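See structure below.
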Amino acid sequence: MLMQISLFELAKLVDGTIIGDENTTVTTLSPLDDIAHDSLVFADGLAHVKQAETSVANAILVGKEITSSTKTLLQVTNPVNAFIKLLQYFYPAYKPTIGIHPTAHIGKNVTLGENISIAPNVVIESGSIIEDNCVIKANAYIGHDVVIKSGSIIHPNVVIYDLTQIGHNVIIHASSVIGSDGFGYKFDNGQHIKIPHVGRVIIEDNVEIGANTVIDRATIGATVIGKGTKIDNLVQIAHSVKLGQNNILCAFTGIAGSTTSGNNVIFAANVGVSDHVRIDDGVILGARAGVPPKKHLKNGNIYLGSPARPKDKAIELELSATRIPIMRRNLQALSAKVTQLEKQLESIT
Amino acid sequence: MLMQISLFELAKLVDGTIIGDENTTVTTLSPLDDIAHDSLVFADGLAHVKQAETSVANAILVGKEITSSTKTLLQVTNPVNAFIKLLQYFYPAYKPTIGIHPTAHIGKNVTLGENISIAPNVVIESGSIIEDNCVIKANAYIGHDVVIKSGSIIHPNVVIYDLTQIGHNVIIHASSVIGSDGFGYKFDNGQHIKIPHVGRVIIEDNVEIGANTVIDRATIGATVIGKGTKIDNLVQIAHSVKLGQNNILCAFTGIAGSTTSGNNVIFAANVGVSDHVRIDDGVILGARAGVPPKKHLKNGNIYLGSPARPKDKAIELELSATRIPIMRRNLQALSAKVTQLEKQLESIT
Amino acid sequence: MLMQISLFELAKLVDGTIIGDENTTVTTLSPLDDIAHDSLVFADGLAHVKQAETSVANAILVGKEITSSTKTLLQVTNPVNAFIKLLQYFYPAYKPTIGIHPTAHIGKNVTLGENISIAPNVVIESGSIIEDNCVIKANAYIGHDVVIKSGSIIHPNVVIYDLTQIGHNVIIHASSVIGSDGFGYKFDNGQHIKIPHVGRVIIEDNVEIGANTVIDRATIGATVIGKGTKIDNLVQIAHSVKLGQNNILCAFTGIAGSTTSGNNVIFAANVGVSDHVRIDDGVILGARAGVPPKKHLKNGNIYLGSPARPKDKAIELELSATRIPIMRRNLQALSAKVTQLEKQLESIT
């Protein structure tokens, strides 16, 4: 039932070289951490190739630096690109229907580009612009004066509030909400008075946002997600946050109001960053790190724990904690000794 | 305004025996932790019966092992089943309208079973199969080639991506997302390149999933939720995770890529499990437990804290931490004593 | 392109007094933490005025207690109200279209008030009541026998389950879910048996709820959100919780079953409160505080950490932890000294 495809065919597809038997066939692809029988597995680096050699895979996709193996190799210049190309070959995606479904509600003065797909029950409010090659899936809501640049994909039931600006080739997964009001109140006369949020959200090119994530609009001005930044499911970005380029935000990460990050920052899962924090380029925040308000996290450092500390300090503290029981015993033993010494000394004097 | 219903009537309904006055009436049912006036309260075990006896309830629903009480008893063989039956009697649910609403969009080659309810604005893409007695509520989106087996309920605004397989009698609450792309990129040439996610999600029979939860599809292969597993609201299950049967996952729990669990595992609230963790049958993870990558959690153990440790060790550590202030004082006192001893000794020699 | 508006005009709008040059113009408003060029910035208190004076703002909005400045002042009786009025003047919101969109599905015996806006694809099930001046945005789902009192706004793709009661002037942001089944099972004969949830959710007046938040219905009875309470995005409120008035719940906060809070309680981000906890008026829970089951948090106290402790104790513990490495060194030094003393003493005796 599974296709048997020869490495010879695959090599043509990705402009690769076969080292070993070109009649070797595979039925599927595998990532290194879940290798299927008779598959072509992608392994970068010698250690991973060794691991692949002991597996049930039939062949290994490698870069130019790997030249021999106990299994047949498919050698290419850029293995990541080749793997992606092969995934698309083995598992072609459903093509969206081009055109505007008759049940979509398109407001006044909406500008629609070429070659776009607008699915059933999509609502696009007045003044919005959807550029060429965009795909807006079923039941998505797009508010007033929103701009979505070419090549972007909005998955089902996504809600985009008024005035949001979305760049080129952005992907937003199902049920995420972009541009909702920030959480800002002024306590006055015994109640929380809502501060109107009149700013917007700007999402730059090549950003991907997971499912059920929320990005709030700025109080005034803009909440900004920098180019190439990737956001997981169930992430919270508060009002007026400004994230740099190519950041990674894992699930359950929350960034509070007006915090900024540089480029290439990594937020592991469930990281909490308070308001008005400044995060430099290349900072890595470990899983569950918690950053108090107004901190400045310095260039390229790794921070762990809550409150977050530079890695070495955090590990020292963590290790210390495990030493308390033994310290306690040592302290008791020492105390007994001292008592003993006191007695001895007393008996002398 | 409230119905007065005699225990005599209720006993007939659940095939029970009355111990006490069969003319006792009740107006509602109560769980043990929120007992209403004039109610029938469900109490399992003697301690709970004692608690119910001192309450404002009129009568107590018990198992066969309870034979006398200061209040009237309704004694049954299986009190859980009887309580559920009585809840449904006192509070009958709204029956969904059978049939396909004219505003539903049913794609090509969709197979629909008998006695199903498809609400307004539901979208079902081509190739999907919805078996008998399923209920698909308003604005839900069902992608291409999805299978939903008989008796399942999909609540409003749920999004199910292409190729997902859902078992019998599954319940998915509002706005949850099943089958979105996993969070997987390869950093190459200064950018995060998206790895296409060509796998799927398989949800086995009798699973219930809360609201605004997300379960990502596998990179290749399947993310699997085992039979009878129950998932709360706002939970995140990453790509290629495989959960066993009858697991319990409370709110804000996140399970990272390729982690596996056995049967009867409990994840209390806000548990974070890193990638490639192996969790044996019967493991319990306490609230906020955090598990580092590639750990192996052993059969039936309880793990607490972050990083998660076996219960005894975690409690010892937690207690140790509270002892630091007193250890510090003891250390200072001991230090003073030693200084004193040194002086004394010096004066002798 | 930006409007130049004179303080003279703005003073008329908010019944204010100008101290300085009434011909001063501004182009926008600013919050204090993100001051734009040529703007009117809102500063409460002398310290904030000093900060505003050194900024790129053109003028400062102040209360009556501030009477002079190096910048032009717009002095008003209630600066919060004036700032909100000016925000609405500078950034007028889109007005919803009054009326019922023809694609909305209105069930039997639904009562609709005056001057309401019901957007495309809204579904309202039988028996529900929507009072005057309510706005129900696109793709929202409103179950059976729901009541929404006057002036409330339901954003797109919100799901409100059967029997929910919503007060006056409530705002619910996109994709939130109100009234889903609580997470309650009884383990019986090797499986988790679902307890039917026949209670409801009651949301009182002036509550605001963020995006992708979930509030579960009670088992029996009601989950209650008190008047004026404000809930952020991605918050979880479990079955039968009862929150008092004017609470603040920040993102990723989770409150487990049957917990109650008094008035003016603050839950900072990612707070986890277990079941059956009792929280008095005015309690503040710091970010990431974790409260074990059945605790009683006392009136007006601040609690930090996990497990949550009164502030002083939590800070002492936190500081202690950082002292372990130095304690360890001290303990080693002291131990060496004692060994030395022992030797000396031995040589004497």
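A note on labels: chains of the structure tokens are A, B, ... as shown, every chain counts residues from 1, and ligands are counted from 1 in their shown order.
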(message) Would you pick out the contacts of Lys337 in chain B at 12 Å or less, using only C-alpha atoms, so that residues sharing its chain but fewer than 2 positions from it are not included, and give the list as a PyMOL selection string?
(response) (chain A and resi 334-342) or (chain B and resi 330-335+339-344) or (chain C and resi 334+337-338+341)
Which neighbours of Thr111 in chain A fall inside 9 Å, counting only C-alpha atoms, when residues of the same chain fewer than 5 positions from it are skipped, and could you give them as a compact mmCIF listing (two decimals) with N, CA, C and O atoms, in the first residue's frame?
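Output file part-v8.txt follows:
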```txt
# COMPACT_ATOMS: atom_id res chain seq x y z
N GLY A 127 -12.72 48.68 4.62
CA GLY A 127 -11.44 49.36 4.56
C GLY A 127 -10.23 48.45 4.59
O GLY A 127 -9.10 48.92 4.52
N SER A 128 -10.43 47.14 4.70
CA SER A 128 -9.29 46.22 4.81
C SER A 128 -8.70 45.91 3.43
O SER A 128 -9.37 46.03 2.41
N ILE A 129 -7.43 45.53 3.45
CA ILE A 129 -6.72 45.19 2.22
C ILE A 129 -6.13 43.79 2.37
O ILE A 129 -5.38 43.52 3.30
N ILE A 130 -6.51 42.90 1.46
CA ILE A 130 -5.95 41.54 1.45
C ILE A 130 -5.17 41.41 0.14
O ILE A 130 -5.76 41.44 -0.94
N GLU A 131 -3.87 41.27 0.24
CA GLU A 131 -3.05 41.26 -0.97
C GLU A 131 -3.02 39.89 -1.68
O GLU A 131 -3.61 38.92 -1.21
```
So which residues touch range 167-169 of chain A within 8 Å, counting only C-alpha atoms, skipping near sequence neighbours fewer than 3 positions away, as an mmCIF file with all heavy atoms, in the first residue's frame?
```
data_model
loop_
_atom_site.group_PDB
_atom_site.id
_atom_site.type_symbol
_atom_site.label_atom_id
_atom_site.label_comp_id
_atom_site.auth_asym_id
_atom_site.auth_seq_id
_atom_site.Cartn_x
_atom_site.Cartn_y
_atom_site.Cartn_z
ATOM 1 N N ILE A 148 -3.357 42.815 5.193
ATOM 2 C CA ILE A 148 -2.670 41.518 5.178
ATOM 3 C C ILE A 148 -1.900 41.441 3.864
ATOM 4 O O ILE A 148 -2.496 41.422 2.782
ATOM 5 C CB ILE A 148 -3.660 40.346 5.299
ATOM 6 C CG1 ILE A 148 -4.503 40.503 6.577
ATOM 7 C CG2 ILE A 148 -2.913 39.019 5.319
ATOM 8 C CD1 ILE A 148 -5.482 39.374 6.829
ATOM 9 N N LYS A 149 -0.582 41.419 3.963
ATOM 10 C CA LYS A 149 0.245 41.458 2.755
ATOM 11 C C LYS A 149 0.322 40.084 2.076
ATOM 12 O O LYS A 149 -0.113 39.074 2.638
ATOM 13 C CB LYS A 149 1.627 42.004 3.103
ATOM 14 C CG LYS A 149 1.521 43.494 3.458
ATOM 15 C CD LYS A 149 2.852 44.196 3.501
ATOM 16 C CE LYS A 149 2.630 45.684 3.798
ATOM 17 N NZ LYS A 149 3.818 46.273 4.460
ATOM 18 N N SER A 150 0.894 40.057 0.907
ATOM 19 C CA SER A 150 0.789 38.891 0.024
ATOM 20 C C SER A 150 1.354 37.613 0.642
ATOM 21 O O SER A 150 2.316 37.628 1.394
ATOM 22 C CB SER A 150 1.496 39.176 -1.293
ATOM 23 O OG SER A 150 2.872 39.298 -1.059
ATOM 24 N N GLY A 151 0.720 36.520 0.292
ATOM 25 C CA GLY A 151 1.232 35.206 0.650
ATOM 26 C C GLY A 151 0.921 34.749 2.063
ATOM 27 O O GLY A 151 1.438 33.723 2.504
ATOM 28 N N SER A 152 0.095 35.477 2.775
ATOM 29 C CA SER A 152 -0.201 35.091 4.173
ATOM 30 C C SER A 152 -1.362 34.107 4.243
ATOM 31 O O SER A 152 -2.225 34.087 3.370
ATOM 32 C CB SER A 152 -0.501 36.337 5.001
ATOM 33 O OG SER A 152 0.684 37.098 5.140
ATOM 34 N N ILE A 153 -1.338 33.281 5.300
ATOM 35 C CA ILE A 153 -2.381 32.266 5.516
ATOM 36 C C ILE A 153 -3.012 32.492 6.882
ATOM 37 O O ILE A 153 -2.320 32.476 7.904
ATOM 38 C CB ILE A 153 -1.797 30.839 5.454
ATOM 39 C CG1 ILE A 153 -1.135 30.591 4.100
ATOM 40 C CG2 ILE A 153 -2.872 29.799 5.743
ATOM 41 C CD1 ILE A 153 -0.337 29.290 4.028
ATOM 42 N N ILE A 202 1.290 45.269 14.852
ATOM 43 C CA ILE A 202 2.011 45.142 13.581
ATOM 44 C C ILE A 202 2.788 43.823 13.603
ATOM 45 O O ILE A 202 3.608 43.595 14.496
ATOM 46 C CB ILE A 202 2.985 46.313 13.368
ATOM 47 C CG1 ILE A 202 2.216 47.633 13.291
ATOM 48 C CG2 ILE A 202 3.826 46.096 12.102
ATOM 49 C CD1 ILE A 202 3.092 48.871 13.245
ATOM 50 N N ILE A 203 2.478 42.957 12.643
ATOM 51 C CA ILE A 203 3.179 41.674 12.523
ATOM 52 C C ILE A 203 3.996 41.729 11.244
ATOM 53 O O ILE A 203 3.428 41.907 10.158
ATOM 54 C CB ILE A 203 2.172 40.519 12.508
ATOM 55 C CG1 ILE A 203 1.486 40.449 13.890
ATOM 56 C CG2 ILE A 203 2.843 39.200 12.168
ATOM 57 C CD1 ILE A 203 0.389 39.453 13.985
ATOM 58 N N GLU A 204 5.294 41.603 11.375
ATOM 59 C CA GLU A 204 6.163 41.743 10.204
ATOM 60 C C GLU A 204 6.236 40.453 9.375
ATOM 61 O O GLU A 204 5.635 39.433 9.736
ATOM 62 C CB GLU A 204 7.555 42.204 10.661
ATOM 63 C CG GLU A 204 7.487 43.599 11.307
ATOM 64 C CD GLU A 204 8.841 44.140 11.755
ATOM 65 O OE1 GLU A 204 9.853 43.413 11.609
ATOM 66 O OE2 GLU A 204 8.885 45.277 12.257
ATOM 67 N N ASP A 205 6.990 40.493 8.289
ATOM 68 C CA ASP A 205 7.046 39.375 7.331
ATOM 69 C C ASP A 205 7.522 38.061 7.977
ATOM 70 O O ASP A 205 8.335 38.056 8.896
ATOM 71 C CB ASP A 205 8.035 39.702 6.208
ATOM 72 C CG ASP A 205 7.618 40.932 5.405
ATOM 73 O OD1 ASP A 205 6.471 41.396 5.552
ATOM 74 O OD2 ASP A 205 8.472 41.435 4.653
ATOM 75 N N ASN A 206 7.024 36.972 7.430
ATOM 76 C CA ASN A 206 7.514 35.617 7.751
ATOM 77 C C ASN A 206 7.331 35.208 9.204
ATOM 78 O O ASN A 206 7.989 34.282 9.679
ATOM 79 C CB ASN A 206 9.006 35.473 7.387
ATOM 80 C CG ASN A 206 9.253 35.718 5.916
ATOM 81 O OD1 ASN A 206 8.474 35.276 5.082
ATOM 82 N ND2 ASN A 206 10.296 36.457 5.597
ATOM 83 N N VAL A 207 6.437 35.884 9.884
ATOM 84 C CA VAL A 207 6.113 35.470 11.260
ATOM 85 C C VAL A 207 5.139 34.292 11.181
ATOM 86 O O VAL A 207 4.296 34.237 10.285
ATOM 87 C CB VAL A 207 5.485 36.646 12.030
ATOM 88 C CG1 VAL A 207 4.844 36.186 13.336
ATOM 89 C CG2 VAL A 207 6.542 37.721 12.301
#
```
Neighbours of Ile116 in chain A within 6 Å (only C-alpha atoms; same-chain residues fewer than 5 positions away dropped), as a short mmCIF file (atom, residue, chain, number, x, y, z; two decimals) with N, CA and C atoms, in the first residue's frame?
```cif
data_model
loop_
_atom_site.label_atom_id
_atom_site.label_comp_id
_atom_site.auth_asym_id
_atom_site.auth_seq_id
_atom_site.Cartn_x
_atom_site.Cartn_y
_atom_site.Cartn_z
N ILE A 98 -9.24 28.70 -4.95
CA ILE A 98 -9.05 30.11 -5.25
C ILE A 98 -10.42 30.75 -5.50
N GLY A 99 -10.59 31.97 -5.00
CA GLY A 99 -11.86 32.67 -5.19
C GLY A 99 -12.48 33.04 -3.86
N ASP A 132 -2.29 39.84 -2.77
CA ASP A 132 -2.23 38.64 -3.63
C ASP A 132 -1.85 37.36 -2.86
N ASN A 133 -2.39 36.27 -3.31
CA ASN A 133 -1.99 34.93 -2.86
C ASN A 133 -2.26 34.67 -1.38
N CYS A 134 -3.12 35.47 -0.79
CA CYS A 134 -3.48 35.19 0.61
C CYS A 134 -4.56 34.11 0.67
N VAL A 135 -4.55 33.36 1.79
CA VAL A 135 -5.58 32.34 2.04
C VAL A 135 -6.24 32.67 3.37
#
```
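Of note, CA of Gly210 in chain A and CA of Tyr141 in chain B are spaced 16.8 Å apart.
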(request) Just give me the gap between CA of Gly20 in chain A and CA of Leu87 in chain A in Å, one decimal is fine. (result) 22.2 Å
(message) Taking only C-alpha atoms into account, find every residue of chain B that has an atom no more than 8 Å from chain A, and write it out as JSON, numbers by chain.
(response) {"B": [105, 121, 123, 139, 141, 144, 157, 159, 175, 176, 177, 180, 181, 183, 186, 188, 191, 192, 195, 196, 198, 212, 213, 214, 219, 220, 234, 236, 252, 254, 258, 272, 316, 317, 320, 321, 324, 327, 331, 334, 337, 338, 341, 345, 348]}
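The strand (DSSP E or B) portion of range 228-316 of chain A consists of A:Lys230, A:Ile231, A:Gln236, A:Ile237, A:Lys242, A:Leu243, A:Ile248, A:Leu249, A:Gly254, A:Ile255, A:Thr260, A:Ser261, A:Ile266, A:Phe267, A:Gly272, A:Val273, A:Arg278, A:Ile279, A:Ile284, A:Leu285, A:Gly290, A:Val291, A:His296, A:Leu297, A:Ile302, A:Tyr303, A:Leu304, A:Arg309, A:Pro310, with states taken from DSSP on the backbone.
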